[in-house]
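protein-v3.txt follows; it contains compact mmCIF, C-alpha atoms.
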# COMPACT_ATOMS: atom_id res chain seq x y z
CA MET A 718 0.00 0.00 0.00
CA VAL A 719 2.79 2.41 0.90
CA THR A 720 4.51 1.60 -2.40
CA LEU A 721 1.36 2.32 -4.38
CA GLU A 722 0.85 5.55 -2.45
CA GLU A 723 4.42 6.52 -3.29
CA LYS A 724 3.79 5.77 -6.98
CA VAL A 725 0.57 7.83 -6.99
CA LEU A 726 2.36 10.74 -5.32
CA ALA A 727 5.39 10.45 -7.66
CA LYS A 728 3.11 10.56 -10.71
CA ASN A 729 1.30 13.55 -9.20
CA ASP A 730 4.63 15.31 -8.56
CA GLU A 731 5.61 14.87 -12.23
CA LEU A 732 2.36 16.45 -13.39
CA ALA A 733 2.73 19.20 -10.79
CA ALA A 734 6.20 20.02 -12.09
CA ALA A 735 4.78 20.31 -15.62
CA ASN A 736 2.01 22.61 -14.35
CA ARG A 737 4.61 24.73 -12.53
CA ARG A 738 6.72 25.15 -15.70
CA TRP A 739 3.65 26.05 -17.80
CA LEU A 740 2.45 28.61 -15.24
CA ALA A 741 5.89 30.17 -14.72
CA GLY A 742 6.36 30.49 -18.47
CA ARG A 743 3.24 32.66 -18.63
CA GLY A 744 3.98 34.71 -15.52
CA ILE A 745 0.93 33.27 -13.74
CA ARG A 746 1.14 33.32 -9.94
CA THR A 747 -0.88 30.41 -8.52
CA VAL A 748 -2.10 30.29 -4.92
CA ASN A 749 -3.61 27.09 -3.47
CA LEU A 750 -6.17 27.88 -0.73
CA MET A 751 -6.80 25.07 1.76
CA SER A 752 -8.96 24.89 4.89
CA SER A 753 -11.70 23.00 6.69
CA PRO A 754 -15.17 23.28 5.16
CA GLY A 755 -16.70 26.63 6.02
CA SER A 756 -13.57 28.53 7.06
CA GLY A 757 -14.31 31.28 4.53
CA LYS A 758 -12.20 30.51 1.43
CA THR A 759 -14.89 31.57 -1.06
CA THR A 760 -15.85 34.67 0.94
CA LEU A 761 -12.19 35.75 1.05
CA LEU A 762 -11.92 35.26 -2.74
CA GLU A 763 -15.12 37.23 -3.41
CA ARG A 764 -13.82 40.19 -1.38
CA THR A 765 -10.32 39.95 -2.88
CA ILE A 766 -11.65 40.04 -6.45
CA ARG A 767 -14.04 42.91 -5.68
CA ASP A 768 -11.43 44.97 -3.77
CA THR A 769 -8.52 44.52 -6.16
CA GLY A 770 -10.17 43.90 -9.53
CA GLY A 771 -8.24 45.49 -12.35
CA THR A 772 -4.92 45.55 -10.50
CA ARG A 773 -4.02 42.24 -12.14
CA PRO A 774 -6.13 39.70 -14.06
CA VAL A 775 -7.58 37.09 -11.69
CA ALA A 776 -8.93 33.60 -12.43
CA VAL A 777 -10.27 30.92 -10.06
CA VAL A 778 -10.45 27.12 -9.98
CA GLU A 779 -13.09 25.91 -7.50
CA GLY A 780 -12.84 22.42 -5.96
CA ASP A 781 -15.70 20.66 -4.17
CA GLN A 782 -17.02 17.13 -3.85
CA GLU A 783 -20.32 18.22 -5.39
CA THR A 784 -22.29 21.31 -6.57
CA ARG A 785 -21.32 24.39 -8.56
CA LEU A 786 -22.34 26.71 -5.71
CA ASP A 787 -18.90 28.23 -5.16
CA ALA A 788 -18.20 28.74 -8.89
CA GLU A 789 -21.53 30.56 -9.16
CA ARG A 790 -20.55 32.87 -6.29
CA ILE A 791 -17.24 33.68 -8.00
CA ARG A 792 -18.89 34.12 -11.41
CA ARG A 793 -21.13 36.81 -9.93
CA THR A 794 -17.99 38.89 -9.25
CA GLY A 795 -17.26 38.83 -12.99
CA CYS A 796 -14.13 36.69 -12.60
CA PRO A 797 -13.38 33.72 -14.92
CA VAL A 798 -13.90 30.48 -12.98
CA VAL A 799 -14.18 26.73 -13.50
CA GLN A 800 -15.58 24.19 -11.03
CA VAL A 801 -13.94 20.81 -10.44
CA ASN A 802 -16.06 18.19 -8.66
CA THR A 803 -14.14 15.36 -7.01
CA GLY A 804 -17.14 13.15 -6.20
CA ALA A 805 -16.08 10.88 -3.34
CA GLY A 806 -12.53 12.29 -3.63
CA CYS A 807 -11.03 14.33 -0.82
CA HIS A 808 -8.54 16.67 -2.55
CA LEU A 809 -7.50 18.24 -5.83
CA ASP A 810 -4.49 16.76 -7.62
CA ALA A 811 -2.15 18.04 -10.32
CA ALA A 812 -4.08 16.32 -13.15
CA MET A 813 -7.30 18.03 -12.05
CA LEU A 814 -5.58 21.43 -12.04
CA HIS A 815 -4.15 20.69 -15.48
CA GLY A 816 -7.62 19.92 -16.85
CA ALA A 817 -9.07 23.01 -15.19
CA MET A 818 -6.34 25.25 -16.66
CA ASP A 819 -7.15 23.89 -20.11
CA ARG A 820 -10.79 24.94 -19.70
CA LEU A 821 -9.98 28.24 -17.98
CA SER A 822 -7.09 29.52 -20.16
CA PRO A 823 -5.92 32.12 -17.62
CA ALA A 824 -4.39 35.25 -19.15
CA ASP A 825 -0.61 35.68 -19.09
CA GLY A 826 0.39 37.49 -15.90
CA SER A 827 -2.74 36.37 -14.04
CA LEU A 828 -3.20 35.67 -10.39
CA LEU A 829 -4.73 32.18 -10.33
CA PHE A 830 -6.50 31.09 -7.14
CA VAL A 831 -7.19 27.41 -6.58
CA GLU A 832 -9.78 26.75 -3.88
CA ASN A 833 -9.19 23.19 -2.73
CA VAL A 834 -11.80 20.76 -1.34
CA GLY A 835 -12.62 21.72 2.27
CA ASN A 836 -10.34 19.34 4.18
CA LEU A 837 -7.54 20.14 6.61
CA VAL A 838 -5.85 16.77 6.05
CA CYS A 839 -5.49 15.22 2.59
CA PRO A 840 -4.87 18.25 0.30
CA ALA A 841 -1.57 18.84 2.14
CA LEU A 842 -0.08 15.76 0.45
CA PHE A 843 -0.75 16.77 -3.16
CA ASP A 844 1.45 19.32 -4.94
CA LEU A 845 -0.56 21.00 -7.71
CA GLY A 846 2.30 23.00 -9.22
CA GLU A 847 1.22 26.12 -7.34
CA GLU A 848 3.65 28.84 -6.27
CA SER A 849 2.18 29.26 -2.77
CA LYS A 850 0.07 27.31 -0.30
CA VAL A 851 -2.27 29.27 1.97
CA VAL A 852 -4.06 27.62 4.90
CA ILE A 853 -7.15 29.36 6.31
CA ILE A 854 -8.53 28.66 9.77
CA SER A 855 -11.34 30.52 11.44
CA VAL A 856 -11.40 31.63 15.07
CA THR A 857 -14.49 29.46 15.63
CA GLU A 858 -12.42 26.30 15.08
CA GLY A 859 -10.32 26.58 18.24
CA THR A 860 -6.73 27.57 19.03
CA ASP A 861 -5.19 24.11 18.89
CA LYS A 862 -5.67 23.24 15.21
CA PRO A 863 -2.01 23.75 14.09
CA LEU A 864 -0.94 21.13 16.65
CA LYS A 865 -3.68 18.63 15.81
CA TYR A 866 -3.32 18.91 11.99
CA PRO A 867 0.42 19.67 11.71
CA TYR A 868 0.94 18.32 8.17
CA MET A 869 -1.27 21.01 6.66
CA PHE A 870 0.32 23.81 8.66
CA ALA A 871 3.84 22.53 7.93
CA ALA A 872 3.06 22.86 4.20
CA ALA A 873 1.78 26.47 4.42
CA ASP A 874 3.55 29.60 3.19
CA LEU A 875 0.85 31.74 4.80
CA VAL A 876 -1.74 31.02 7.49
CA VAL A 877 -4.84 33.24 7.35
CA VAL A 878 -6.79 33.38 10.64
CA ASN A 879 -10.26 34.36 9.44
CA LYS A 880 -13.48 35.56 11.15
CA VAL A 881 -11.79 37.85 13.69
CA ASP A 882 -15.17 39.66 13.80
CA LEU A 883 -16.37 36.67 15.88
CA LEU A 884 -13.53 36.90 18.45
CA PRO A 885 -15.79 38.52 21.12
CA TYR A 886 -18.11 35.47 21.04
CA VAL A 887 -15.69 32.52 21.01
CA ASP A 888 -12.82 31.15 23.06
CA PHE A 889 -9.80 31.68 20.78
CA ASP A 890 -6.28 32.83 21.73
CA LEU A 891 -4.64 34.45 18.69
CA GLY A 892 -1.23 34.78 20.35
CA ALA A 893 -1.19 31.11 21.34
CA CYS A 894 -2.33 30.11 17.84
CA ARG A 895 0.55 32.09 16.30
CA GLY A 896 2.91 30.25 18.63
CA TYR A 897 1.49 26.86 17.61
CA VAL A 898 1.89 27.73 13.91
CA ALA A 899 5.52 28.76 14.56
CA SER A 900 6.15 25.50 16.44
CA VAL A 901 5.20 23.34 13.44
CA ASN A 902 6.38 25.77 10.72
CA PRO A 903 8.72 28.63 11.68
CA ARG A 904 8.76 30.04 8.12
CA ALA A 905 4.97 30.49 7.78
CA GLU A 906 3.59 34.01 7.98
CA VAL A 907 0.28 34.59 9.84
CA VAL A 908 -2.35 37.20 8.92
CA ALA A 909 -5.52 37.62 11.02
CA LEU A 910 -8.49 39.20 9.21
CA SER A 911 -12.23 39.16 8.63
CA ALA A 912 -13.27 38.29 5.09
CA THR A 913 -16.91 39.26 5.75
CA ARG A 914 -16.24 42.61 7.49
CA GLY A 915 -12.92 43.51 5.88
CA ASP A 916 -10.71 43.92 8.99
CA ASN A 917 -7.02 43.81 8.01
CA VAL A 918 -7.57 42.47 4.48
CA GLY A 919 -4.89 44.97 3.38
CA SER A 920 -2.24 42.70 4.92
CA TRP A 921 -3.53 39.84 2.76
CA TYR A 922 -3.38 42.00 -0.36
CA ASP A 923 0.15 43.09 0.61
CA TRP A 924 1.18 39.44 0.90
CA LEU A 925 -0.34 38.76 -2.54
CA ALA A 926 1.40 41.94 -3.81
CA ILE A 927 -1.84 43.14 -5.44
CA SER A 928 -2.70 46.06 -3.18
CA MET B 1120 -6.20 1.72 -7.88
CA VAL B 1121 -9.97 1.22 -7.65
CA THR B 1122 -9.41 -2.51 -7.14
CA LEU B 1123 -6.93 -1.88 -4.34
CA GLU B 1124 -9.31 0.62 -2.73
CA GLU B 1125 -12.05 -1.98 -2.91
CA LYS B 1126 -9.74 -4.55 -1.27
CA VAL B 1127 -8.80 -2.12 1.50
CA LEU B 1128 -12.46 -1.31 2.14
CA ALA B 1129 -13.48 -5.00 2.02
CA LYS B 1130 -10.80 -5.87 4.60
CA ASN B 1131 -11.98 -2.94 6.73
CA ASP B 1132 -15.59 -4.11 6.47
CA GLU B 1133 -14.61 -7.59 7.73
CA LEU B 1134 -12.88 -6.11 10.77
CA ALA B 1135 -15.82 -3.75 11.33
CA ALA B 1136 -18.23 -6.70 11.33
CA ALA B 1137 -16.08 -8.42 13.96
CA ASN B 1138 -16.07 -5.22 16.08
CA ARG B 1139 -19.85 -5.00 15.73
CA ARG B 1140 -20.34 -8.59 16.93
CA TRP B 1141 -17.99 -8.07 19.89
CA LEU B 1142 -19.73 -4.83 20.92
CA ALA B 1143 -23.25 -6.21 20.52
CA GLY B 1144 -22.33 -9.28 22.58
CA ARG B 1145 -21.46 -6.96 25.49
CA GLY B 1146 -24.42 -4.61 25.10
CA ILE B 1147 -22.10 -1.71 24.24
CA ARG B 1148 -23.72 1.05 22.16
CA THR B 1149 -21.10 2.71 19.95
CA VAL B 1150 -21.55 6.16 18.41
CA ASN B 1151 -19.06 7.45 15.78
CA LEU B 1152 -18.84 11.27 15.88
CA MET B 1153 -17.63 12.90 12.67
CA SER B 1154 -17.21 16.56 11.65
CA SER B 1155 -14.85 19.18 10.30
CA PRO B 1156 -12.05 20.22 12.64
CA GLY B 1157 -13.38 22.59 15.30
CA SER B 1158 -17.11 21.85 15.01
CA GLY B 1159 -17.32 21.01 18.70
CA LYS B 1160 -17.12 17.21 18.98
CA THR B 1161 -14.97 17.23 22.12
CA THR B 1162 -16.97 20.03 23.77
CA LEU B 1163 -20.20 18.11 23.15
CA LEU B 1164 -18.65 14.96 24.68
CA GLU B 1165 -17.40 16.87 27.74
CA ARG B 1166 -20.89 18.26 28.39
CA THR B 1167 -22.58 14.92 27.70
CA ILE B 1168 -20.36 13.07 30.17
CA ARG B 1169 -20.78 15.76 32.86
CA ASP B 1170 -24.58 16.06 32.42
CA THR B 1171 -25.41 12.36 32.24
CA GLY B 1172 -22.60 10.69 34.21
CA GLY B 1173 -23.82 7.72 36.18
CA THR B 1174 -26.87 7.07 33.98
CA ARG B 1175 -24.83 4.55 32.02
CA PRO B 1176 -21.07 3.85 31.93
CA VAL B 1177 -19.37 5.94 29.22
CA ALA B 1178 -16.00 5.44 27.49
CA VAL B 1179 -14.34 7.43 24.71
CA VAL B 1180 -11.90 6.76 21.86
CA GLU B 1181 -10.27 9.99 20.61
CA GLY B 1182 -8.89 10.20 17.05
CA ASP B 1183 -6.50 12.93 15.86
CA GLN B 1184 -3.54 13.19 13.53
CA GLU B 1185 -1.34 14.30 16.41
CA THR B 1186 -1.45 15.31 20.12
CA ARG B 1187 -3.25 13.92 23.16
CA LEU B 1188 -5.08 17.22 23.76
CA ASP B 1189 -8.59 15.84 23.31
CA ALA B 1190 -7.97 12.73 25.42
CA GLU B 1191 -6.67 14.99 28.20
CA ARG B 1192 -9.88 17.05 28.05
CA ILE B 1193 -12.00 13.90 28.31
CA ARG B 1194 -9.84 12.46 31.09
CA ARG B 1195 -10.52 15.57 33.19
CA THR B 1196 -14.21 14.60 33.21
CA GLY B 1197 -13.26 11.32 34.90
CA CYS B 1198 -14.24 9.21 31.88
CA PRO B 1199 -12.06 6.32 30.61
CA VAL B 1200 -10.45 7.38 27.31
CA VAL B 1201 -7.74 6.32 24.86
CA GLN B 1202 -6.17 8.48 22.15
CA VAL B 1203 -5.43 7.14 18.65
CA ASN B 1204 -3.04 9.22 16.53
CA THR B 1205 -3.24 8.62 12.78
CA GLY B 1206 -0.11 10.60 11.81
CA ALA B 1207 -0.54 11.59 8.16
CA GLY B 1208 -3.76 9.50 8.04
CA CYS B 1209 -7.11 11.17 7.53
CA HIS B 1210 -9.61 8.85 9.26
CA LEU B 1211 -10.05 6.09 11.82
CA ASP B 1212 -10.55 2.54 10.52
CA ALA B 1213 -11.92 -0.66 12.04
CA ALA B 1214 -8.45 -1.98 12.96
CA MET B 1215 -7.69 1.23 14.88
CA LEU B 1216 -10.97 0.92 16.81
CA HIS B 1217 -10.21 -2.72 17.56
CA GLY B 1218 -6.80 -1.77 18.99
CA ALA B 1219 -8.33 1.06 21.01
CA MET B 1220 -11.05 -1.22 22.46
CA ASP B 1221 -8.33 -3.64 23.58
CA ARG B 1222 -6.62 -0.85 25.53
CA LEU B 1223 -9.87 0.68 26.82
CA SER B 1224 -11.81 -2.46 27.85
CA PRO B 1225 -15.19 -0.66 28.01
CA ALA B 1226 -17.58 -2.06 30.64
CA ASP B 1227 -20.48 -4.25 29.49
CA GLY B 1228 -23.50 -2.07 28.74
CA SER B 1229 -21.37 1.02 28.11
CA LEU B 1230 -22.02 3.90 25.81
CA LEU B 1231 -18.83 4.11 23.70
CA PHE B 1232 -18.16 7.36 21.85
CA VAL B 1233 -15.62 7.38 19.02
CA GLU B 1234 -14.46 10.88 18.07
CA ASN B 1235 -13.11 10.57 14.54
CA VAL B 1236 -10.36 12.69 12.94
CA GLY B 1237 -11.75 16.13 12.04
CA ASN B 1238 -12.58 15.64 8.36
CA LEU B 1239 -15.93 15.93 6.60
CA VAL B 1240 -14.82 13.69 3.71
CA CYS B 1241 -12.80 10.51 4.27
CA PRO B 1242 -14.20 9.09 7.55
CA ALA B 1243 -17.55 8.58 5.77
CA LEU B 1244 -16.05 5.69 3.77
CA PHE B 1245 -14.84 3.61 6.73
CA ASP B 1246 -17.23 1.49 8.78
CA LEU B 1247 -15.83 1.01 12.29
CA GLY B 1248 -18.47 -1.45 13.51
CA GLU B 1249 -20.35 1.34 15.28
CA GLU B 1250 -24.11 1.26 15.85
CA SER B 1251 -24.69 4.90 14.83
CA LYS B 1252 -22.96 7.62 12.85
CA VAL B 1253 -23.42 11.23 14.00
CA VAL B 1254 -22.27 14.17 11.88
CA ILE B 1255 -21.75 17.52 13.61
CA ILE B 1256 -21.67 20.82 11.75
CA SER B 1257 -21.53 24.24 13.32
CA VAL B 1258 -23.55 27.28 12.24
CA THR B 1259 -20.29 29.12 11.48
CA GLU B 1260 -19.58 26.71 8.60
CA GLY B 1261 -22.40 27.85 6.30
CA THR B 1262 -25.78 26.47 5.30
CA ASP B 1263 -24.66 24.62 2.15
CA LYS B 1264 -22.40 21.96 3.66
CA PRO B 1265 -24.81 18.98 3.24
CA LEU B 1266 -24.91 19.67 -0.52
CA LYS B 1267 -21.16 20.15 -0.91
CA TYR B 1268 -20.14 17.12 1.20
CA PRO B 1269 -23.06 14.75 0.51
CA TYR B 1270 -21.25 11.45 1.18
CA MET B 1271 -20.80 12.29 4.86
CA PHE B 1272 -24.39 13.45 5.31
CA ALA B 1273 -25.75 10.43 3.41
CA ALA B 1274 -24.00 8.17 5.95
CA ALA B 1275 -25.41 9.93 9.04
CA ASP B 1276 -28.10 8.62 11.39
CA LEU B 1277 -28.17 11.99 13.17
CA VAL B 1278 -26.95 15.45 12.18
CA VAL B 1279 -26.13 17.76 15.10
CA VAL B 1280 -26.12 21.46 14.19
CA ASN B 1281 -23.88 22.94 16.88
CA LYS B 1282 -23.04 26.48 18.11
CA VAL B 1283 -26.59 27.86 17.83
CA ASP B 1284 -25.42 30.44 20.42
CA LEU B 1285 -23.53 32.09 17.50
CA LEU B 1286 -26.62 32.32 15.22
CA PRO B 1287 -27.07 36.09 15.87
CA TYR B 1288 -23.57 36.78 14.49
CA VAL B 1289 -23.39 34.60 11.36
CA ASP B 1290 -25.32 34.08 8.13
CA PHE B 1291 -26.87 30.61 8.62
CA ASP B 1292 -30.37 29.42 7.68
CA LEU B 1293 -31.34 26.48 9.88
CA GLY B 1294 -34.53 25.71 7.94
CA ALA B 1295 -32.67 25.59 4.64
CA CYS B 1296 -29.94 23.42 6.18
CA ARG B 1297 -32.56 20.94 7.43
CA GLY B 1298 -33.93 20.83 3.86
CA TYR B 1299 -30.47 20.17 2.40
CA VAL B 1300 -29.90 17.33 4.89
CA ALA B 1301 -33.28 15.82 3.94
CA SER B 1302 -32.43 16.10 0.23
CA VAL B 1303 -29.29 13.94 0.57
CA ASN B 1304 -30.56 11.71 3.40
CA PRO B 1305 -34.30 11.63 4.18
CA ARG B 1306 -33.85 9.21 7.12
CA ALA B 1307 -31.38 11.41 9.08
CA GLU B 1308 -32.66 13.23 12.16
CA VAL B 1309 -31.45 16.78 12.85
CA VAL B 1310 -30.88 18.29 16.31
CA ALA B 1311 -29.76 21.93 16.70
CA LEU B 1312 -28.00 22.76 19.98
CA SER B 1313 -25.17 24.62 21.68
CA ALA B 1314 -22.57 22.39 23.31
CA THR B 1315 -20.91 25.33 25.08
CA ARG B 1316 -24.08 26.99 26.43
CA GLY B 1317 -26.33 23.93 26.71
CA ASP B 1318 -29.28 25.01 24.52
CA ASN B 1319 -31.40 21.98 23.57
CA VAL B 1320 -28.85 19.36 24.65
CA GLY B 1321 -31.81 17.44 26.10
CA SER B 1322 -32.82 16.45 22.55
CA TRP B 1323 -29.36 14.96 22.05
CA TYR B 1324 -29.62 13.00 25.31
CA ASP B 1325 -33.09 11.81 24.26
CA TRP B 1326 -31.66 10.57 20.96
CA LEU B 1327 -28.89 8.78 22.86
CA ALA B 1328 -31.55 7.45 25.28
CA ILE B 1329 -29.46 8.48 28.29
CA SER B 1330 -31.52 11.39 29.57

As structure tokens - that is how I would like this structure written.
Amino acid sequence: MVTLEEKVLAKNDELAAANRRWLAGRGIRTVNLMSSPGSGKTTLLERTIRDTGGTRPVAVVEGDQETRLDAERIRRTGCPVVQVNTGAGCHLDAAMLHGAMDRLSPADGSLLFVENVGNLVCPALFDLGEESKVVIISVTEGTDKPLKYPYMFAAADLVVVNKVDLLPYVDFDLGACRGYVASVNPRAEVVALSATRGDNVGSWYDWLAIS
Amino acid sequence: MVTLEEKVLAKNDELAAANRRWLAGRGIRTVNLMSSPGSGKTTLLERTIRDTGGTRPVAVVEGDQETRLDAERIRRTGCPVVQVNTGAGCHLDAAMLHGAMDRLSPADGSLLFVENVGNLVCPALFDLGEESKVVIISVTEGTDKPLKYPYMFAAADLVVVNKVDLLPYVDFDLGACRGYVASVNPRAEVVALSATRGDNVGSWYDWLAIS
């Protein structure tokens, strides 16, 4: 079983490397957004597209087990988007991103967001050929998540702590959470914001270099 | 790959059937709790044990990728508990429950809670030999989750909608969510409650038949 897993991952890594070359050749910056279901990935994308539209062309690949609900939300912002449904599958892989790029044809120089299936476990294992991995957690999920799901946080370039508008109503320690992130991944940056209300989204745009 | 997956699942189903026979022979009722990370599984267990302790012996198996944090929380209630760490793994399986039962030795007639790894996708595929599957979502995760993750909701005997104390601060439509659950699984019951504040936990105890 381990051997087969290694073969599946090796094949995925080959396809991811091809994606990475194709994207780099066109100056497309690709950001893979990963989180639990309901942490606010789509809401953050909607606000990002609306706030920064025109600064740089943006395109989106939406991953979900089922439905086109998230692609429809993104389409309403006017941004090009394709939906990938994984069925019983638990993550996007490099072949799925390749197929989605074929359908999407992102413009040269684009910012390409990939919203992964909501899952704080499996997507961490699959390189898509992206430039950056962003993990989103919300303050309603509890302070201890970086310790309990360390593989995802170890893979992150940036950790977004979302829903800070709900901090008065939940038991969440932002300082402790930052410390837990640092303990599993000292190189990860952390940005705390509210995608619904807009608190501190400027730091996210700064990180994306599209402000 | 499909064939191997089928073999893995068939082997798991055999072990699950053996677990089920062993548990039934001892009058142990086993409930598998599944949800996204941070939906409140452990908090609901803490309250359940404190509110109903003595009605029936309770024991808990805690699943997480890493840490013993949840087992320590349960141990503070005085309840017997064992922690299973899956490492890079994304779900509990029947062999893991078998090993945990060996270490835990739940009393005859117990109520045995199994808290799965926080993941709204993969645990749905793996029968553990439990009597009931309970899926927990929180109102902070959004109304559309049953449609986007239908495999998990199709497997559920009961859906607990948690964190109703946060309803005034988030955009969540309980009536619509009940409809979405019914559309993917007409036989599932739905109970809305707050594990932190205690709203409507009596309905949960009624369902468990330990009130």

Exercise for the section: Give the answer as one residue: which of B:Ala1219, B:Ala1207, B:Met1271, B:Ala1328 has the shortest atom-to-atom distance to Ile1255 of chain B, using all atoms listed in the file? Expected result: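 Using all atoms listed in the file, Ile1255 of chain B sits closest to B:Met1271.
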
Practice task
In Å, rounded to a single decimal, give me how far atom CA of Cys807 of chain A is from atom CA of Gly795 of chain A.
Solution key: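 Going from atom CA of Gly795 of chain A over to atom CA of Cys807 of chain A, I get 28.1 Å.
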
Practice task
Define the interface residues of chain B facing chain A as those within 8 Å, counting all atoms listed in the file, and report them as a list in words.
Solution key: Ser1155, Pro1156, Gly1157, Ser1158, Asp1183, Gln1184, Glu1185, Thr1186, Ala1207, Gly1208, Cys1209, Gly1237, Asn1238, Leu1239, Val1240, Cys1241, Thr1259, Glu1260, Gly1261, Lys1264, Leu1266, Lys1267, Tyr1268, Pro1269, Tyr1270, Leu1285 and Tyr1288 of chain B

Handout entry: Between atom CA of His815 of chain A and atom CA of Ile766 of chain A, distance in Å (one decimal)
Key =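 For atom CA of His815 of chain A relative to atom CA of Ile766 of chain A, the distance reads 22.6 Å.
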
Would you pick out the contacts of segment 915-922 of chain A at 12 Å or less, using only C-alpha atoms, so that residues sharing its chain but fewer than 5 positions from it are not included, and give the list as a PDB file with C-alpha atoms, in the frame of the given file?
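Result saved to selection.pdb:
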ATOM      1  CA  THR A 760     -15.850  34.670   0.940  1.00  0.00           C
ATOM      2  CA  LEU A 761     -12.190  35.750   1.050  1.00  0.00           C
ATOM      3  CA  LEU A 762     -11.920  35.260  -2.740  1.00  0.00           C
ATOM      4  CA  GLU A 763     -15.120  37.230  -3.410  1.00  0.00           C
ATOM      5  CA  ARG A 764     -13.820  40.190  -1.380  1.00  0.00           C
ATOM      6  CA  THR A 765     -10.320  39.950  -2.880  1.00  0.00           C
ATOM      7  CA  ILE A 766     -11.650  40.040  -6.450  1.00  0.00           C
ATOM      8  CA  ARG A 767     -14.040  42.910  -5.680  1.00  0.00           C
ATOM      9  CA  ASP A 768     -11.430  44.970  -3.770  1.00  0.00           C
ATOM     10  CA  THR A 769      -8.520  44.520  -6.160  1.00  0.00           C
ATOM     11  CA  GLY A 770     -10.170  43.900  -9.530  1.00  0.00           C
ATOM     12  CA  THR A 772      -4.920  45.550 -10.500  1.00  0.00           C
ATOM     13  CA  ARG A 773      -4.020  42.240 -12.140  1.00  0.00           C
ATOM     14  CA  LEU A 828      -3.200  35.670 -10.390  1.00  0.00           C
ATOM     15  CA  VAL A 851      -2.270  29.270   1.970  1.00  0.00           C
ATOM     16  CA  ILE A 853      -7.150  29.360   6.310  1.00  0.00           C
ATOM     17  CA  LEU A 875       0.850  31.740   4.800  1.00  0.00           C
ATOM     18  CA  VAL A 876      -1.740  31.020   7.490  1.00  0.00           C
ATOM     19  CA  VAL A 877      -4.840  33.240   7.350  1.00  0.00           C
ATOM     20  CA  VAL A 878      -6.790  33.380  10.640  1.00  0.00           C
ATOM     21  CA  ASN A 879     -10.260  34.360   9.440  1.00  0.00           C
ATOM     22  CA  LYS A 880     -13.480  35.560  11.150  1.00  0.00           C
ATOM     23  CA  VAL A 881     -11.790  37.850  13.690  1.00  0.00           C
ATOM     24  CA  ASP A 882     -15.170  39.660  13.800  1.00  0.00           C
ATOM     25  CA  LEU A 883     -16.370  36.670  15.880  1.00  0.00           C
ATOM     26  CA  GLU A 906       3.590  34.010   7.980  1.00  0.00           C
ATOM     27  CA  VAL A 907       0.280  34.590   9.840  1.00  0.00           C
ATOM     28  CA  VAL A 908      -2.350  37.200   8.920  1.00  0.00           C
ATOM     29  CA  ALA A 909      -5.520  37.620  11.020  1.00  0.00           C
ATOM     30  CA  LEU A 910      -8.490  39.200   9.210  1.00  0.00           C
ATOM     31  CA  ILE A 927      -1.840  43.140  -5.440  1.00  0.00           C
ATOM     32  CA  SER A 928      -2.700  46.060  -3.180  1.00  0.00           C
TER      33      SER A 928
END

Problem - Closest of A:Gly771, A:Pro797, A:Gly816, A:Gly896 to Asn736 of chain A - atom-to-atom distances counting all atoms listed in the file - result: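 Of the candidates, the smallest distance to Asn736 of chain A is held by A:Gly816.
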
Let me have the centre and edge lengths in Å, one decimal, of the box along x, y and z around every listed atom of segment 1155-1169 of chain B with 4 Å of margin on each side, as JSON.
{"center_x": -17.3, "center_y": 17.8, "center_z": 21.6, "size_x": 18.5, "size_y": 17.5, "size_z": 30.6}

Handout entry: Distance in Å - atom CA of Ala733 of chain A versus atom CA of Thr759 of chain A
Key =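 Straight-line distance from atom CA of Ala733 of chain A to atom CA of Thr759 of chain A works out to 23.6 Å.
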
Problem - Selection: 9 Å around Leu1152 of chain B, all atoms listed in the file, excl. self and same-chain fewer than 5 positions, as a ChimeraX atom specification - result: /B:1160,1232-1235,1251-1255

Scan for residues within 12 Å of the point (-7.4, -2.5, 26.0) in the coordinates of the file, using all atoms listed in the file, and reply as an mmCIF file with C-alpha atoms, in the frame of the given file.
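Dumped to point30.cif:
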data_model
loop_
_atom_site.group_PDB
_atom_site.id
_atom_site.type_symbol
_atom_site.label_atom_id
_atom_site.label_comp_id
_atom_site.auth_asym_id
_atom_site.auth_seq_id
_atom_site.Cartn_x
_atom_site.Cartn_y
_atom_site.Cartn_z
ATOM 1 C CA ALA B 1178 -16.000 5.440 27.490
ATOM 2 C CA VAL B 1180 -11.900 6.760 21.860
ATOM 3 C CA PRO B 1199 -12.060 6.320 30.610
ATOM 4 C CA VAL B 1200 -10.450 7.380 27.310
ATOM 5 C CA VAL B 1201 -7.740 6.320 24.860
ATOM 6 C CA GLN B 1202 -6.170 8.480 22.150
ATOM 7 C CA MET B 1215 -7.690 1.230 14.880
ATOM 8 C CA LEU B 1216 -10.970 0.920 16.810
ATOM 9 C CA HIS B 1217 -10.210 -2.720 17.560
ATOM 10 C CA GLY B 1218 -6.800 -1.770 18.990
ATOM 11 C CA ALA B 1219 -8.330 1.060 21.010
ATOM 12 C CA MET B 1220 -11.050 -1.220 22.460
ATOM 13 C CA ASP B 1221 -8.330 -3.640 23.580
ATOM 14 C CA ARG B 1222 -6.620 -0.850 25.530
ATOM 15 C CA LEU B 1223 -9.870 0.680 26.820
ATOM 16 C CA SER B 1224 -11.810 -2.460 27.850
ATOM 17 C CA PRO B 1225 -15.190 -0.660 28.010
ATOM 18 C CA ALA B 1226 -17.580 -2.060 30.640
#

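Contact shell of Ala1307 of chain B at 8 Å (all atoms listed in the file; same-chain neighbours under 3 positions omitted): Ala1275, Asp1276, Leu1277, Val1278, Val1300, Ala1301 and Asn1304 of chain B.
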
Completion exercise
Of A:Asn749, A:Pro885, A:Pro774, A:Ala812, the one sitting nearest Ala872 of chain A when using all atoms listed in the file is A:Asn749
